[in-house]
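Data from model16.txt: compact mmCIF, C-alpha atoms
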```txt
# COMPACT_ATOMS: atom_id res chain seq x y z
CA MET A 1 13.31 8.81 -15.39
CA SER A 2 11.77 6.02 -17.44
CA ASN A 3 10.65 7.04 -20.92
CA GLY A 4 10.94 10.69 -19.91
CA THR A 5 7.75 10.57 -17.87
CA PHE A 6 7.21 11.35 -14.23
CA ALA A 7 6.28 8.30 -12.17
CA ASP A 8 3.68 9.50 -9.70
CA ARG A 9 1.58 6.35 -9.27
CA ALA A 10 2.66 2.74 -8.93
CA LYS A 11 1.01 -0.60 -8.11
CA ILE A 12 3.07 -2.96 -5.97
CA PHE A 13 2.67 -6.31 -4.21
CA VAL A 14 3.85 -6.64 -0.61
CA ARG A 15 4.04 -9.71 1.61
CA SER A 16 5.07 -10.02 5.23
CA GLY A 17 7.06 -13.05 6.37
CA LYS A 18 5.25 -16.23 7.43
CA GLY A 19 5.98 -17.41 10.95
CA GLY A 20 8.14 -20.55 11.15
CA ASP A 21 6.34 -23.75 12.15
CA GLY A 22 6.85 -25.25 15.57
CA HIS A 23 8.83 -28.51 15.59
CA VAL A 24 7.85 -31.99 16.71
CA SER A 25 10.67 -33.98 18.31
CA PHE A 26 11.45 -35.99 21.44
CA ARG A 27 14.53 -36.24 23.64
CA ARG A 28 16.68 -39.13 22.57
CA GLU A 29 19.13 -39.86 25.34
CA LEU A 30 20.94 -42.97 26.47
CA TYR A 31 19.04 -44.75 29.23
CA VAL A 32 15.93 -42.54 28.62
CA PRO A 33 13.74 -44.81 26.43
CA ASN A 34 10.77 -42.39 26.21
CA GLY A 35 12.20 -38.90 26.35
CA GLY A 36 9.78 -35.94 26.64
CA PRO A 37 8.90 -33.55 23.82
CA ASP A 38 11.67 -31.08 22.95
CA GLY A 39 10.48 -29.50 19.68
CA GLY A 40 11.41 -25.80 19.53
CA ASP A 41 9.36 -22.77 18.42
CA GLY A 42 9.42 -21.32 14.92
CA GLY A 43 10.96 -17.91 14.21
CA LYS A 44 8.91 -14.75 13.62
CA GLY A 45 8.37 -13.63 10.01
CA GLY A 46 9.78 -10.32 8.77
CA ASP A 47 7.80 -7.04 8.82
CA VAL A 48 6.85 -4.79 5.88
CA ILE A 49 8.15 -1.29 6.75
CA PHE A 50 7.90 1.98 4.78
CA ILE A 51 10.25 4.91 5.34
CA VAL A 52 10.51 8.33 3.71
CA ASP A 53 13.74 8.96 1.82
CA LYS A 54 14.19 12.68 1.20
CA GLY A 55 16.64 11.88 -1.61
CA LEU A 56 13.84 10.43 -3.75
CA ASN A 57 11.38 12.53 -5.73
CA THR A 58 9.64 10.04 -8.02
CA LEU A 59 8.17 6.54 -7.83
CA THR A 60 10.22 5.41 -10.83
CA ASP A 61 11.96 2.63 -8.88
CA PHE A 62 8.59 0.96 -8.33
CA LYS A 63 8.08 0.63 -12.08
CA ASN A 64 11.08 -1.70 -12.17
CA VAL A 65 10.57 -3.64 -8.93
CA ARG A 66 6.95 -4.43 -8.16
CA LYS A 67 7.17 -7.24 -5.58
CA TYR A 68 8.42 -6.74 -2.01
CA LYS A 69 8.59 -9.76 0.29
CA ALA A 70 9.86 -10.00 3.85
CA GLY A 71 11.71 -13.15 4.94
CA ASP A 72 9.87 -16.13 6.45
CA GLY A 73 10.68 -17.33 9.95
CA GLU A 74 12.55 -20.63 10.14
CA GLU A 75 11.04 -23.80 11.58
CA GLY A 76 11.92 -24.67 15.18
CA GLY A 77 14.45 -27.44 15.79
CA LYS A 78 15.21 -30.32 18.08
CA ARG A 79 16.40 -29.79 21.64
CA ARG A 80 14.15 -26.76 22.07
CA CYS A 81 16.02 -24.82 19.36
CA HIS A 82 14.23 -21.63 18.30
CA GLY A 83 13.98 -21.02 14.53
CA ALA A 84 15.66 -17.84 13.18
CA ASN A 85 13.48 -14.78 12.60
CA GLY A 86 12.76 -13.68 9.02
CA LYS A 87 14.32 -10.47 7.67
CA ASP A 88 12.21 -7.28 7.49
CA ILE A 89 11.65 -5.63 4.11
CA VAL A 90 12.19 -1.85 4.23
CA ILE A 91 10.60 0.09 1.36
CA LYS A 92 11.85 3.63 0.73
CA VAL A 93 9.39 6.15 -0.70
CA PRO A 94 9.72 9.85 -1.59
CA PRO A 95 8.20 12.54 0.67
CA GLY A 96 4.54 13.05 -0.18
CA THR A 97 3.75 9.39 -0.87
CA VAL A 98 0.25 8.21 0.00
CA ILE A 99 -0.20 4.45 0.41
CA LYS A 100 -3.58 3.07 -0.65
CA ASP A 101 -5.25 -0.31 -0.88
CA PHE A 102 -5.43 -1.35 -4.54
CA GLU A 103 -8.85 -3.06 -4.27
CA THR A 104 -10.72 -0.16 -2.62
CA ASP A 105 -8.45 2.82 -3.41
CA LYS A 106 -8.80 3.79 0.27
CA VAL A 107 -5.95 5.59 2.05
CA ILE A 108 -3.96 3.39 4.44
CA VAL A 109 -1.41 6.01 5.41
CA ASP A 110 -0.07 9.34 4.20
CA MET A 111 3.70 9.23 4.61
CA ALA A 112 3.88 13.01 3.86
CA ASP A 113 7.38 13.83 5.12
CA SER A 114 7.21 11.62 8.19
CA GLU A 115 10.49 10.86 9.90
CA GLU A 116 9.00 7.82 11.65
CA PRO A 117 9.09 4.43 9.91
CA PHE A 118 5.63 2.98 9.27
CA THR A 119 5.14 -0.76 9.84
CA LEU A 120 2.31 -1.79 7.54
CA PHE A 121 2.33 -5.53 8.31
CA THR A 122 4.12 -7.41 11.05
CA GLY A 123 5.48 -10.85 10.26
CA GLY A 124 3.61 -13.93 11.44
CA ARG A 125 4.39 -15.22 14.92
CA GLY A 126 6.33 -18.45 15.04
CA GLY A 127 4.39 -21.59 15.95
CA LYS A 128 4.94 -23.32 19.28
CA GLY A 129 6.94 -26.54 19.33
CA ASN A 130 5.50 -29.71 20.79
CA MET A 131 7.38 -29.10 24.06
CA HIS A 132 4.53 -26.67 24.96
CA TYR A 133 1.75 -29.21 24.55
CA ALA A 134 2.75 -31.87 27.09
CA THR A 135 0.04 -32.40 29.74
CA SER A 136 -0.59 -35.03 32.41
CA THR A 137 -2.87 -36.90 30.00
CA MET A 138 -0.84 -36.24 26.84
CA GLN A 139 2.85 -36.65 27.68
CA ALA A 140 4.10 -37.21 24.13
CA PRO A 141 2.19 -34.77 21.87
CA ARG A 142 2.89 -35.46 18.20
CA TYR A 143 1.75 -32.06 17.00
CA ALA A 144 3.15 -28.54 16.94
CA GLN A 145 1.63 -25.20 16.03
CA PRO A 146 2.07 -23.89 12.48
CA GLY A 147 3.51 -20.39 12.19
CA GLU A 148 1.08 -17.54 11.55
CA PRO A 149 0.48 -16.99 7.83
CA ALA A 150 1.95 -14.14 5.84
CA ILE A 151 -0.19 -11.11 4.93
CA GLU A 152 -0.09 -10.18 1.27
CA LYS A 153 -1.77 -7.26 -0.49
CA TYR A 154 -1.62 -5.20 -3.64
CA LEU A 155 -1.06 -1.53 -2.87
CA VAL A 156 -1.10 1.71 -4.83
CA LEU A 157 1.54 4.32 -4.10
CA GLU A 158 0.58 7.87 -5.08
CA LEU A 159 2.96 10.78 -4.97
CA LYS A 160 1.30 14.02 -3.95
CA MET A 161 4.05 16.61 -3.87
CA ILE A 162 4.72 18.69 -0.84
CA ALA A 163 5.14 22.29 -1.92
CA ASP A 164 4.03 25.62 -0.45
CA VAL A 165 3.25 27.15 -3.83
CA GLY A 166 2.00 25.46 -6.98
CA LEU A 167 2.28 27.04 -10.42
CA VAL A 168 -0.73 26.33 -12.62
CA GLY A 169 -1.65 27.49 -16.08
CA TYR A 170 -1.82 26.42 -19.68
CA PRO A 171 1.28 24.99 -21.33
CA SER A 172 3.88 27.51 -22.52
CA VAL A 173 2.57 30.46 -20.48
CA GLY A 174 5.99 30.77 -18.80
CA LYS A 175 5.74 28.68 -15.64
CA SER A 176 9.01 26.81 -16.20
CA THR A 177 10.80 30.05 -17.03
CA LEU A 178 9.47 31.66 -13.85
CA LEU A 179 10.56 28.72 -11.67
CA SER A 180 14.05 28.70 -13.17
CA MET A 181 14.36 32.45 -12.56
CA VAL A 182 13.37 32.38 -8.90
CA SER A 183 14.72 29.10 -7.55
CA ASN A 184 17.44 26.48 -7.64
CA ALA A 185 15.34 24.33 -10.01
CA ARG A 186 16.59 23.92 -13.56
CA PRO A 187 13.62 22.69 -15.58
CA LYS A 188 13.99 21.89 -19.26
CA ILE A 189 12.25 24.62 -21.19
CA ALA A 190 10.81 24.35 -24.68
CA ASP A 191 8.13 26.38 -26.37
CA TYR A 192 5.56 23.77 -27.26
CA HIS A 193 2.49 22.43 -25.53
CA PHE A 194 2.75 19.98 -22.69
CA THR A 195 6.51 19.98 -22.64
CA THR A 196 6.75 19.67 -18.85
CA LEU A 197 6.17 16.02 -18.07
CA VAL A 198 7.98 16.21 -14.74
CA PRO A 199 6.70 18.48 -11.95
CA ASN A 200 9.75 20.51 -10.98
CA LEU A 201 10.36 21.49 -7.37
CA GLY A 202 12.46 24.49 -6.49
CA VAL A 203 13.36 26.27 -3.25
CA VAL A 204 12.77 30.02 -3.41
CA SER A 205 14.95 32.00 -1.02
CA LEU A 206 14.03 35.57 -0.06
CA GLY A 207 16.98 36.00 2.31
CA GLU A 208 16.93 36.43 6.10
CA GLY A 209 15.97 32.77 6.51
CA ARG A 210 12.76 33.25 4.53
CA SER A 211 12.16 30.56 1.91
CA PHE A 212 9.44 28.38 0.46
CA VAL A 213 9.08 25.45 -1.93
CA MET A 214 7.57 26.09 -5.33
CA ALA A 215 6.34 23.39 -7.73
CA ASP A 216 5.78 23.83 -11.44
CA ILE A 217 2.76 21.60 -12.14
CA PRO A 218 2.64 20.45 -15.79
CA GLY A 219 0.16 22.22 -18.02
CA ILE A 220 -3.42 21.25 -17.34
CA ILE A 221 -5.58 20.89 -20.39
CA GLU A 222 -9.37 20.99 -20.49
CA GLY A 223 -10.86 17.64 -19.54
CA ALA A 224 -7.92 16.74 -17.32
CA ALA A 225 -10.15 16.02 -14.34
CA GLU A 226 -11.97 13.42 -16.45
CA GLY A 227 -8.67 11.87 -17.45
CA VAL A 228 -8.15 13.62 -20.79
CA GLY A 229 -4.48 13.86 -21.71
CA LEU A 230 -1.94 13.72 -18.90
CA GLY A 231 -3.46 16.48 -16.78
CA ILE A 232 -5.16 14.21 -14.23
CA ALA A 233 -1.83 12.61 -13.41
CA PHE A 234 -0.60 15.96 -12.10
CA LEU A 235 -3.68 17.47 -10.49
CA ARG A 236 -3.01 15.36 -7.39
CA HIS A 237 0.26 17.24 -6.85
CA ILE A 238 -1.59 20.52 -6.31
CA GLU A 239 -3.66 19.07 -3.46
CA ARG A 240 -0.91 19.71 -0.91
CA THR A 241 0.03 23.22 -2.03
CA ARG A 242 -1.17 26.04 0.17
CA VAL A 243 -1.10 28.82 -2.41
CA LEU A 244 -1.58 28.71 -6.18
CA LEU A 245 0.09 31.02 -8.68
CA HIS A 246 -2.15 30.99 -11.74
CA VAL A 247 0.13 32.08 -14.59
CA VAL A 248 -1.47 33.50 -17.74
CA ASP A 249 -0.08 34.81 -21.01
CA ALA A 250 -1.37 38.36 -20.65
CA ALA A 251 0.04 39.32 -24.05
CA GLY A 252 -1.96 36.62 -25.83
CA VAL A 253 1.14 35.60 -27.77
CA GLU A 254 -0.60 32.51 -29.14
CA GLY A 255 -3.90 34.27 -29.65
CA ARG A 256 -5.20 33.04 -26.26
CA ASP A 257 -7.57 35.00 -24.07
CA PRO A 258 -6.23 35.19 -20.48
CA ILE A 259 -9.70 35.23 -18.88
CA GLU A 260 -10.91 32.22 -20.88
CA ASP A 261 -7.76 30.36 -19.83
CA ILE A 262 -8.32 31.18 -16.15
CA GLU A 263 -11.94 30.03 -16.37
CA ALA A 264 -11.03 26.74 -18.07
CA ILE A 265 -8.31 25.81 -15.60
CA THR A 266 -10.34 26.88 -12.56
CA ALA A 267 -13.12 24.62 -13.83
CA GLU A 268 -10.61 21.73 -14.04
CA LEU A 269 -9.46 22.35 -10.48
CA ARG A 270 -13.04 22.51 -9.20
CA SER A 271 -13.99 19.34 -11.07
CA TYR A 272 -11.08 17.43 -9.54
CA SER A 273 -11.48 18.82 -6.03
CA PRO A 274 -13.78 21.67 -4.92
CA GLN A 275 -11.26 22.62 -2.21
CA LEU A 276 -8.60 23.18 -4.85
CA ALA A 277 -10.60 25.90 -6.55
CA GLU A 278 -10.89 27.69 -3.17
CA ARG A 279 -7.14 27.63 -2.51
CA PRO A 280 -5.66 31.16 -2.04
CA THR A 281 -4.60 32.23 -5.54
CA ILE A 282 -2.51 34.98 -7.12
CA ILE A 283 -3.15 35.64 -10.81
CA VAL A 284 0.23 36.17 -12.47
CA ALA A 285 -0.06 38.23 -15.65
CA ASN A 286 3.10 37.12 -17.49
CA LYS A 287 4.80 38.26 -20.73
CA MET A 288 4.06 41.92 -20.00
CA ASP A 289 7.32 42.83 -21.77
CA VAL A 290 5.74 41.71 -25.07
CA LEU A 291 2.83 44.17 -24.73
CA PRO A 292 3.25 47.77 -25.86
CA GLU A 293 3.48 50.06 -22.83
CA GLU A 294 0.18 51.82 -23.59
CA GLU A 295 -1.83 48.54 -23.76
CA ARG A 296 -0.72 47.12 -20.43
CA PRO A 297 -3.10 48.99 -18.07
CA ALA A 298 -6.21 47.95 -20.03
CA VAL A 299 -5.20 44.26 -20.13
CA VAL A 300 -4.48 44.13 -16.39
CA GLU A 301 -7.64 46.07 -15.55
CA LYS A 302 -9.73 43.60 -17.52
CA ILE A 303 -8.32 40.69 -15.48
CA ARG A 304 -8.78 42.55 -12.18
CA LYS A 305 -12.38 43.36 -13.04
CA ALA A 306 -13.09 39.68 -13.82
CA TYR A 307 -11.47 38.51 -10.53
CA PRO A 308 -11.90 41.30 -7.95
CA ASP A 309 -11.26 38.91 -5.03
CA LYS A 310 -7.85 37.74 -6.29
CA PRO A 311 -4.62 39.79 -6.40
CA VAL A 312 -3.24 40.28 -9.92
CA VAL A 313 0.53 40.76 -10.25
CA GLU A 314 2.17 41.86 -13.52
CA ILE A 315 5.49 40.24 -14.37
CA SER A 316 7.85 39.27 -17.14
CA ALA A 317 9.53 35.94 -16.37
CA ALA A 318 11.87 36.55 -19.30
CA THR A 319 13.21 39.91 -18.05
CA GLY A 320 12.64 39.54 -14.30
CA GLU A 321 10.29 42.51 -14.12
CA GLY A 322 7.85 42.34 -11.15
CA ILE A 323 9.17 39.00 -9.90
CA GLN A 324 10.48 40.16 -6.51
CA GLY A 325 7.11 41.72 -5.65
CA LEU A 326 5.35 38.51 -6.69
CA LEU A 327 7.56 36.39 -4.41
CA GLU A 328 7.00 38.71 -1.44
CA LYS A 329 3.25 38.56 -2.04
CA ALA A 330 3.34 34.73 -2.26
CA PHE A 331 5.38 34.48 0.97
CA ASP A 332 2.88 36.67 2.85
CA MET A 333 -0.02 34.63 1.51
CA ILE A 334 1.59 31.34 2.63
CA ALA A 335 1.86 32.70 6.16
CA THR A 336 -1.90 33.36 6.33
CA ALA A 337 -3.13 30.41 4.23
CA PRO A 338 -5.15 27.78 6.08
CA ASP A 339 -2.98 24.82 7.03
CA ASP A 340 -5.62 22.21 6.26
CA VAL A 341 -4.40 20.62 3.07
CA MET A 342 -1.24 18.87 4.08
CA GLU A 343 -2.25 15.38 5.09
CA PHE A 344 -4.68 12.68 3.96
CA SER A 345 -6.46 10.83 6.75
CA PRO A 346 -6.41 7.02 6.86
CA GLU A 347 -9.63 5.44 5.56
CA ILE A 348 -8.74 1.90 6.63
CA GLU A 349 -8.51 0.42 10.12
CA LEU A 350 -5.04 -1.12 10.07
CA GLU A 351 -5.89 -3.68 12.74
CA ASP A 352 -8.63 -5.18 10.55
CA TYR A 353 -6.63 -4.78 7.33
CA ALA A 354 -3.66 -6.66 8.77
CA SER A 355 -5.62 -9.35 10.59
CA ARG A 356 -4.76 -13.01 10.12
CA GLU A 357 -6.30 -16.28 11.19
CA VAL A 358 -4.31 -18.15 13.81
CA GLU A 359 -4.45 -21.89 13.21
CA LEU A 360 -4.04 -24.26 16.16
CA PRO A 361 -2.55 -27.71 15.51
CA TYR A 362 -4.21 -31.12 15.58
CA THR A 363 -3.36 -34.71 14.57
CA VAL A 364 -5.32 -37.54 12.95
CA GLU A 365 -3.76 -40.97 13.58
CA LYS A 366 -4.51 -44.66 13.31
CA ASP A 367 -4.19 -46.59 16.59
CA PRO A 368 -1.09 -48.80 16.25
CA ASP A 369 -2.41 -51.40 18.72
CA GLN A 370 -6.14 -51.62 17.96
CA GLU A 371 -7.55 -52.42 14.53
CA GLY A 372 -10.24 -50.06 13.26
CA VAL A 373 -9.58 -47.34 15.88
CA TYR A 374 -8.52 -43.74 15.01
CA HIS A 375 -7.55 -40.81 17.25
CA VAL A 376 -8.21 -37.11 16.57
CA GLU A 377 -6.64 -34.71 19.07
CA GLY A 378 -4.76 -31.44 19.52
CA PRO A 379 -5.40 -27.84 20.68
CA ARG A 380 -7.72 -27.03 17.76
CA ILE A 381 -9.94 -29.98 18.69
CA GLU A 382 -9.80 -29.12 22.40
CA ARG A 383 -10.85 -25.53 21.70
CA MET A 384 -13.79 -26.69 19.54
CA LEU A 385 -14.96 -29.13 22.25
CA GLY A 386 -14.79 -26.27 24.77
CA TYR A 387 -17.68 -24.46 23.09
CA THR A 388 -19.61 -27.43 21.60
CA ASN A 389 -22.16 -29.62 23.38
CA LEU A 390 -21.91 -33.00 21.64
CA GLU A 391 -24.99 -34.32 23.46
CA ASP A 392 -27.14 -31.69 21.78
CA GLU A 393 -28.37 -32.35 18.22
CA LYS A 394 -27.26 -28.92 16.96
CA GLY A 395 -23.92 -29.26 18.74
CA PHE A 396 -23.30 -32.68 17.18
CA LYS A 397 -24.15 -31.31 13.72
CA PHE A 398 -21.65 -28.47 14.31
CA PHE A 399 -19.03 -31.06 15.30
CA GLN A 400 -19.65 -33.04 12.09
CA ASP A 401 -19.36 -29.88 9.96
CA PHE A 402 -16.17 -28.92 11.80
CA MET A 403 -14.63 -32.33 10.97
CA VAL A 404 -15.48 -31.87 7.27
CA LYS A 405 -14.53 -28.19 7.01
CA ASN A 406 -11.12 -28.68 8.64
CA GLY A 407 -10.24 -31.58 6.34
CA ILE A 408 -10.25 -34.15 9.18
CA ILE A 409 -12.66 -36.53 7.41
CA GLU A 410 -10.39 -36.42 4.33
CA GLU A 411 -7.39 -37.29 6.50
CA LEU A 412 -9.26 -40.22 8.07
CA LYS A 413 -10.13 -41.50 4.60
CA ALA A 414 -6.49 -41.18 3.55
CA LEU A 415 -5.54 -43.36 6.53
CA GLY A 416 -7.98 -46.04 5.28
CA ILE A 417 -10.95 -45.64 7.65
CA GLN A 418 -13.88 -47.98 6.87
CA GLU A 419 -17.58 -47.81 7.74
CA GLY A 420 -18.13 -48.99 11.31
CA ASP A 421 -14.59 -48.07 12.46
CA GLU A 422 -14.24 -46.05 15.67
CA VAL A 423 -13.07 -42.44 15.94
CA ARG A 424 -11.93 -41.34 19.41
CA VAL A 425 -11.88 -37.66 20.34
CA TYR A 426 -10.78 -36.88 23.91
CA GLY A 427 -12.98 -39.42 25.74
CA TRP A 428 -15.71 -39.42 23.11
CA ALA A 429 -16.03 -42.39 20.74
CA PHE A 430 -17.98 -42.35 17.47
CA ASP A 431 -18.68 -44.99 14.83
CA TYR A 432 -17.75 -43.80 11.34
CA TYR A 433 -20.36 -43.95 8.58
CA GLU A 434 -20.38 -42.18 5.19
```

Translate this structure into structure tokens?
Amino acid sequence: MSNGTFADRAKIFVRSGKGGDGHVSFRRELYVPNGGPDGGDGGKGGDVIFIVDKGLNTLTDFKNVRKYKAGDGEEGGKRRCHGANGKDIVIKVPPGTVIKDFETDKVIVDMADSEEPFTLFTGGRGGKGNMHYATSTMQAPRYAQPGEPAIEKYLVLELKMIADVGLVGYPSVGKSTLLSMVSNARPKIADYHFTTLVPNLGVVSLGEGRSFVMADIPGIIEGAAEGVGLGIAFLRHIERTRVLLHVVDAAGVEGRDPIEDIEAITAELRSYSPQLAERPTIIVANKMDVLPEEERPAVVEKIRKAYPDKPVVEISAATGEGIQGLLEKAFDMIATAPDDVMEFSPEIELEDYASREVELPYTVEKDPDQEGVYHVEGPRIERMLGYTNLEDEKGFKFFQDFMVKNGIIEELKALGIQEGDEVRVYGWAFDYYE
């Protein structure tokens, strides 16, 4: 744990591998003066993959390492050699992690407790070497395809715990004590407000193969849903729980009124998520051992009268009184609770989110034999000519814009083109003027 706090939200940067570029080369063999193209393809870039690791229960590791990059594919080589593929990056997250886009805060995927790896981004495809571009009219292509670009994004990881039962209530009402009494969890317990900075998970066993997971959610204070104090950081953990145990200090040890406490925390739950306030709830009247015997019935009756639709169970976490009955009640309630709170639906279409532009190659060259003549060719140019009518005024304007936008005019200038020089593009010839 870093600084004693529970890491339940982290911002990270991920990048898939870029595809390796295709290679430009020609066979060089004795007695073959003009060998054909033999440039190989580039390797595929590495993928970005998330997997659930049940041994993790916080996002602390992501506070230390914030950048995750897959390996790039290698460039193709001579003699049709294929470049090596880039290495995948595998990112391990705890069960209950929701992956969101940082810019929009929209859900990409809820890992929940999935056993299947989730490939967020695939690496870029490797570019084709020049051996693929030989045609009857172009037998020595001097271009190859660049590899597909990497995809890079900032993400937010949010941990929303997976527990059947969530303990809620003001600080120091006895939630940690209760969890330590009934489960294998060993939370640190101290008697001061907001001591529990780490939500503790414990497995409660009732024997005969009956068990459930209970989470002690840190004390929620008024205003938590608006971000006051640390409460908001833990409200998200209750979203997955199917049943809530609302623990109150029935004895009013600190001068608190149990009904006022229930109202305040229920208002926080409703403010954060209306569904939360409707979650099946047992009101747990704790610290009954502190009350004189004759005062107990009146205190419990007052709570029952205020909340006639919720079961009220009297217990003492300190002595163990009433706890077995509470656990049986919770187990029965889990069995009948609606199973509609366990997973967050994706809000982003992965195909669009992970899309990338595929660039086709082209070359801009000065004619070695004719002064003032330049050649522009390659698959990107061919594709553009396929949907452009150069004899039409609009089509010719599109062609001019294409030459500027793709940096071709800049490349011609770099080669020293002058006004009045000729630019040849697959059978078309144009005079160059600024």

**Q.** Separation of atom CA of Lys69 of chain A from atom CA of Lys128 of chain A in Å
**A.**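 Straight-line distance from atom CA of Lys128 of chain A to atom CA of Lys69 of chain A works out to 23.6 Å.
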
Q | Distance in Å - atom CA of Met161 of chain A versus atom CA of Thr241 of chain A | A | 8.0 Å

**Q.** Surrounding residues of Val65 of chain A excluding itself and chain neighbours under 6 positions, 12 Å, all atoms listed in the file, as a VMD selection string
**A.** chain A and resid 10 to 14 59 91

Q.
Excluding segment 94-96 of chain A and its own-chain neighbours fewer than 5 positions away, which residues fall within 10 Å of it when counting all atoms listed in the file? Please give them as a PyMOL selection string.
A. chain A and resi 51-59+110-115+158-163+237+240+342-343

Q) Which polymer residues have any atom within 12 Å of an atom of Asp367 of chain A, counting only C-alpha atoms, with same-chain residues fewer than 3 positions away left out, as a ChimeraX atom specification? A) /A:364,370-376,412,415-417,421-424

Q | Residues near Phe50 of chain A, cut-off 9 Å, all atoms listed in the file, skip fewer than 2 positions along chain, as a list in words | A | Val48, Val52, Ile89, Val90, Ile91, Lys92, Val93, Met111, Pro117, Phe118, Thr119 and Leu120 of chain A

Q. Expressed in Å to a single decimal, how great is the separation between atom CA of Gly395 of chain A and atom CA of Tyr143 of chain A?
A. 25.9 Å

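The closest residue to Gly126 of chain A, picked from A:Glu410, A:Glu239, A:Glu377, A:Asp41 and counting only C-alpha atoms, is A:Asp41.
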
Q | Residue nearest Glu152 of chain A - candidates A:Arg15, A:Arg242, A:Arg304, A:Lys287, atoms counted: all atoms listed in the file | A |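 Nearest candidate to Glu152 of chain A out of A:Arg15, A:Arg242, A:Arg304, A:Lys287: A:Arg15.
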
Exercise: Phe212 of chain A partners within 8 Å, all atoms listed in the file, chain neighbours under 6 positions left out, as a PDB file with C-alpha atoms, keeping the file's coordinate frame:
```pdb
ATOM      1  CA  ALA A 163       5.140  22.290  -1.920  1.00  0.00           C
ATOM      2  CA  ASP A 164       4.030  25.620  -0.450  1.00  0.00           C
ATOM      3  CA  VAL A 165       3.250  27.150  -3.830  1.00  0.00           C
ATOM      4  CA  VAL A 203      13.360  26.270  -3.250  1.00  0.00           C
ATOM      5  CA  VAL A 204      12.770  30.020  -3.410  1.00  0.00           C
ATOM      6  CA  SER A 205      14.950  32.000  -1.020  1.00  0.00           C
ATOM      7  CA  PHE A 331       5.380  34.480   0.970  1.00  0.00           C
TER       8      PHE A 331
END
```

Q: Go through A:Asp47, A:Glu74, A:Asp249, A:Asp431 and flag the residue nearest Ile303 of chain A, using all atoms listed in the file for the distances.
A: A:Asp249

Q: Measuring atom to atom with all atoms listed in the file, identify which of A:Lys305, A:Arg9, A:Lys310, A:Lys106 is nearest to Val243 of chain A.
A: A:Lys310

Q | Counting all atoms listed in the file, the option among A:Gly427, A:Pro297, A:Pro379, A:Pro280 closest to Ala337 of chain A | A |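 Counting all atoms listed in the file, the residue closest to Ala337 of chain A is A:Pro280.
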
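Within 6 Å of the point (12.0, -11.6, 5.6), and counting all atoms listed in the file, the protein, DNA and RNA residues are Gly17, Gly46, Ala70, Gly71, Asp72, Gly86, Lys87 and Asp88 of chain A.
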
Q) Which residue, A:Leu155, A:Ile238, A:Val253, A:Val168, has the smallest gap to Val109 of chain A when you use all atoms listed in the file? A) A:Leu155

Some atoms are missing, so please complete segment 385-397 of chain A with N, CA and C atoms and return it as a compact mmCIF listing (two decimals), keeping the file's coordinate frame.
```txt
# COMPACT_ATOMS: atom_id res chain seq x y z
N LEU A 385 -14.16 -28.41 21.27
CA LEU A 385 -14.96 -29.13 22.25
C LEU A 385 -15.35 -28.23 23.42
N GLY A 386 -14.52 -27.19 23.67
CA GLY A 386 -14.79 -26.27 24.77
C GLY A 386 -16.05 -25.45 24.57
N TYR A 387 -16.45 -25.25 23.31
CA TYR A 387 -17.68 -24.46 23.09
C TYR A 387 -18.75 -25.26 22.33
N THR A 388 -18.64 -26.60 22.33
CA THR A 388 -19.61 -27.43 21.60
C THR A 388 -20.17 -28.50 22.53
N ASN A 389 -21.50 -28.58 22.58
CA ASN A 389 -22.16 -29.62 23.38
C ASN A 389 -22.50 -30.79 22.46
N LEU A 390 -21.72 -31.88 22.55
CA LEU A 390 -21.91 -33.00 21.64
C LEU A 390 -23.17 -33.81 21.95
N GLU A 391 -23.78 -33.59 23.13
CA GLU A 391 -24.99 -34.32 23.46
C GLU A 391 -26.23 -33.65 22.88
N ASP A 392 -26.04 -32.45 22.40
CA ASP A 392 -27.14 -31.69 21.78
C ASP A 392 -27.12 -31.95 20.27
N GLU A 393 -28.30 -32.04 19.65
CA GLU A 393 -28.37 -32.35 18.22
C GLU A 393 -27.65 -31.29 17.37
N LYS A 394 -27.91 -30.01 17.70
CA LYS A 394 -27.26 -28.92 16.96
C LYS A 394 -25.75 -28.95 17.16
N GLY A 395 -25.34 -29.21 18.42
CA GLY A 395 -23.92 -29.26 18.74
C GLY A 395 -23.22 -30.38 17.97
N PHE A 396 -23.90 -31.56 17.89
CA PHE A 396 -23.30 -32.68 17.18
C PHE A 396 -23.18 -32.39 15.68
N LYS A 397 -24.19 -31.69 15.13
CA LYS A 397 -24.15 -31.31 13.72
C LYS A 397 -22.98 -30.35 13.48
```
